file input_12.tsv (TSV, C-alpha atoms and all ligand atoms)
chain	number	residue	atom	x	y	z
K	1	MET	CA	-3.11	20.60	13.54
K	2	ASN	CA	-0.72	18.80	15.87
K	3	GLU	CA	1.97	16.29	15.00
K	4	TYR	CA	-0.23	13.35	15.93
K	5	GLN	CA	-2.91	14.35	13.42
K	6	LEU	CA	-0.30	14.90	10.71
K	7	THR	CA	1.21	11.45	11.12
K	8	ARG	CA	-2.02	9.57	11.79
K	9	PRO	CA	-2.83	8.40	8.23
K	10	TRP	CA	0.60	6.74	8.07
K	11	ARG	CA	0.29	4.55	11.13
K	12	ASN	CA	-1.11	1.71	9.07
K	13	VAL	CA	1.63	2.16	6.48
K	14	VAL	CA	4.50	1.81	8.92
K	15	ARG	CA	3.21	-1.22	10.75
K	16	LEU	CA	0.98	-2.80	8.12
K	17	LYS	CA	2.94	-6.02	7.59
K	18	ALA	CA	3.36	-6.62	11.33
K	19	ILE	CA	-0.34	-5.98	11.93
K	20	GLN	CA	-1.24	-8.27	9.05
K	21	ARG	CA	0.87	-11.07	10.54
K	22	ALA	CA	-0.79	-10.63	13.93
K	23	SER	CA	-4.24	-10.66	12.32
K	24	ARG	CA	-3.75	-14.18	10.96
K	25	HIS	CA	-4.06	-15.87	14.35
K	26	LEU	CA	-7.30	-14.33	15.55
K	27	THR	CA	-10.57	-16.16	16.11
K	28	LEU	CA	-13.67	-14.40	14.89
K	29	GLU	CA	-17.37	-14.90	14.50
K	30	ARG	CA	-19.78	-13.25	12.07
K	31	LEU	CA	-22.72	-11.50	13.76
K	32	ALA	CA	-24.33	-9.88	10.69
K	33	ALA	CA	-23.42	-9.17	7.06
K	34	THR	CA	-20.57	-6.77	7.92
K	35	SER	CA	-20.43	-7.12	11.72
K	36	TYR	CA	-18.12	-9.50	13.51
K	37	ARG	CA	-16.73	-10.11	16.95
K	38	VAL	CA	-13.06	-10.97	17.32
K	39	ARG	CA	-11.59	-12.76	20.33
K	40	SER	CA	-8.80	-10.80	22.04
K	41	ALA	CA	-5.41	-12.47	21.60
K	42	SER	CA	-4.18	-11.38	25.03
K	43	HIS	CA	-7.48	-11.74	26.97
K	44	PRO	CA	-9.41	-14.67	25.43
K	45	GLU	CA	-12.47	-13.92	27.56
K	46	HIS	CA	-12.76	-10.54	25.85
K	47	TYR	CA	-14.18	-9.73	22.42
K	48	TYR	CA	-13.75	-6.75	20.13
K	49	TYR	CA	-16.63	-5.70	17.93
K	50	VAL	CA	-15.84	-4.79	14.33
K	51	GLN	CA	-18.05	-3.22	11.68
K	52	ILE	CA	-16.48	-3.14	8.22
K	53	ASP	CA	-17.09	-1.30	4.98
K	54	PRO	CA	-15.75	-4.03	2.69
K	55	ALA	CA	-15.70	-1.96	-0.52
K	56	MET	CA	-13.47	0.69	1.14
K	57	LEU	CA	-11.38	-1.88	3.08
K	58	THR	CA	-12.11	0.06	6.25
K	59	GLY	CA	-13.67	-0.77	9.56
K	60	VAL	CA	-14.53	0.47	13.01
K	61	CYS	CA	-13.29	-1.58	15.96
K	62	SER	CA	-13.96	-1.39	19.69
K	63	CYS	CA	-10.31	-2.04	20.62
K	64	LEU	CA	-8.19	0.56	22.43
K	65	TRP	CA	-5.82	1.06	19.51
K	66	ALA	CA	-8.72	2.03	17.26
K	67	HIS	CA	-10.21	4.16	20.05
K	68	TYR	CA	-7.03	6.27	20.10
K	69	GLY	CA	-7.08	6.80	16.35
K	70	GLY	CA	-5.30	3.74	15.00
K	71	VAL	CA	-6.63	2.69	11.62
K	72	ASN	CA	-6.67	-0.80	10.16
K	73	CYS	CA	-6.02	-2.59	13.45
K	74	LYS	CA	-5.37	-6.34	13.32
K	75	HIS	CA	-9.03	-7.02	14.16
K	76	VAL	CA	-10.27	-5.05	11.14
K	77	LEU	CA	-7.74	-6.77	8.85
K	78	ALA	CA	-8.78	-10.19	10.20
K	79	VAL	CA	-12.45	-9.40	9.54
K	80	LEU	CA	-11.73	-8.10	6.01
K	81	ARG	CA	-9.87	-11.33	5.23
K	82	ALA	CA	-12.77	-13.40	6.58
K	83	TYR	CA	-15.29	-11.35	4.62
K	84	TYR	CA	-13.43	-11.94	1.34
K	85	ALA	CA	-12.41	-15.55	2.12
K	86	ALA	CA	-14.65	-16.94	-0.63
K	87	CYS	CA	-12.76	-14.81	-3.21
K	88	GLY	CA	-9.32	-15.90	-2.01
K	89	GLU	CA	-6.58	-14.97	0.44
K	90	LEU	CA	-6.12	-11.21	0.87
K	91	SER	CA	-2.74	-9.51	1.32
K	92	PHE	CA	-2.75	-5.85	2.34
K	93	TRP	CA	-0.54	-3.11	0.91
K	94	ALA	CA	-0.20	0.56	1.73
K	95	ASP	CA	1.51	1.42	-1.56
K	96	PRO	CA	-0.45	0.85	-4.79
K	97	LYS	CA	2.81	0.25	-6.70
K	98	GLU	CA	3.65	-2.63	-4.36
K	99	ALA	CA	0.15	-4.02	-4.78
K	100	ARG	CA	0.40	-3.89	-8.60
K	101	ARG	CA	3.76	-5.67	-8.46
K	102	GLN	CA	1.96	-8.78	-7.13
K	103	HIS	CA	0.17	-9.26	-10.49
K	104	ARG	CA	-3.05	-10.28	-8.78
K	105	PRO	CA	-6.54	-8.78	-8.70
K	106	ILE	CA	-6.55	-5.67	-6.49
K	107	ILE	CA	-9.25	-4.28	-4.21
K	108	VAL	CA	-8.71	-0.52	-3.85
K	109	GLY	CA	-9.68	0.78	-0.43
K	110	THR	CA	-9.14	3.94	1.57
K	111	TYR	CA	-5.39	4.23	2.34
K	112	LEU	CA	-5.21	0.50	1.74
K	113	TYR	CA	-4.97	-1.98	-1.13
K	114	ALA	CA	-5.56	-5.71	-1.06
K	115	THR	CA	-4.35	-8.28	-3.54
K	116	VAL	CA	-6.36	-11.47	-3.90
K	117	ARG	CA	-4.72	-14.87	-4.27
K	118	ARG	CA	-7.32	-17.37	-5.49
K	201	ZN	ZN	-9.18	-3.49	16.76
call {"tool": "encode", "arguments": {"input": "input_12.tsv", "output": "C-alpha cells", "more": "lines below"}}
Ligand SMILES: [Zn+2]
result
Amino acid sequence: MNEYQLTRPWRNVVRLKAIQRASRHLTLERLAATSYRVRSASHPEHYYYVQIDPAMLTGVCSCLWAHYGGVNCKHVLAVLRAYYAACGELSFWADPKEARRQHRPIIVGTYLYATVRR
C-alpha cells in the first residue's frame, strides 16, 4: 500500500468545507432518479455526470478529480443537496461529533455525515 492509498479516505475530510462552499454555486439538472448532470464551473459548455447513492451519501462523478480517486467532489455534494432539497438544506461533516453538535437530524453516510436544516 502506498502513501496515496493510505491518505485517500481523508481527502474529503481535509477539504470538505471548501468543497462544500464550491458546490453551492453549481448548476445541475436531474436526468433520472439518482442521475444528474452538473455544469462545469470553469468550462460552462462542459457537463459532469453524477450517479449518487443517496442513503450512503456517496456518488460517482465523471470529473477528473473523481477519476484520480477523489471522493465527495463538489459535483457529488451539489447533487446530494439537490436530491435532499425537499427535506431541507444539507450541511456535510466528516466528523460525527461535529455533526451531532449541530442538534439537527443527521443522515449517516460512508465517511460522511449530513445535518438537515428544515
Ligand atoms: Zn466531480
call {"tool": "residues_around", "arguments": {"input": "input_12.tsv", "residues": "Leu57 (chain K)", "least_positions_apart": "4", "cutoff": "10 Å", "atoms": "all atoms listed in the file", "output": "ChimeraX atom specification"}}
result
/K:52-53,72,76-77,79-81,92,107-114
call {"tool": "residues_near_ligand", "arguments": {"input": "input_12.tsv", "ligand": "ligand ZN 201 (chain K)", "cutoff": "12 Å", "atoms": "all atoms listed in the file", "output": "MDAnalysis selection string"}}
result
chainID K and resid 19 22:23 26 28 36:41 47:52 58:80
call {"tool": "atom_distance", "arguments": {"input": "input_12.tsv", "atom1": "CA of Glu45 (chain K)", "atom2": "CA of Thr27 (chain K)"}}
result
11.8 Å
call {"tool": "atom_distance", "arguments": {"input": "input_12.tsv", "atom1": "CA of Arg117 (chain K)", "atom2": "CA of Leu31 (chain K)"}}
result
25.7 Å
call {"tool": "atom_distance", "arguments": {"input": "input_12.tsv", "atom1": "CA of Gln20 (chain K)", "atom2": "CA of Ala94 (chain K)"}}
result
11.5 Å
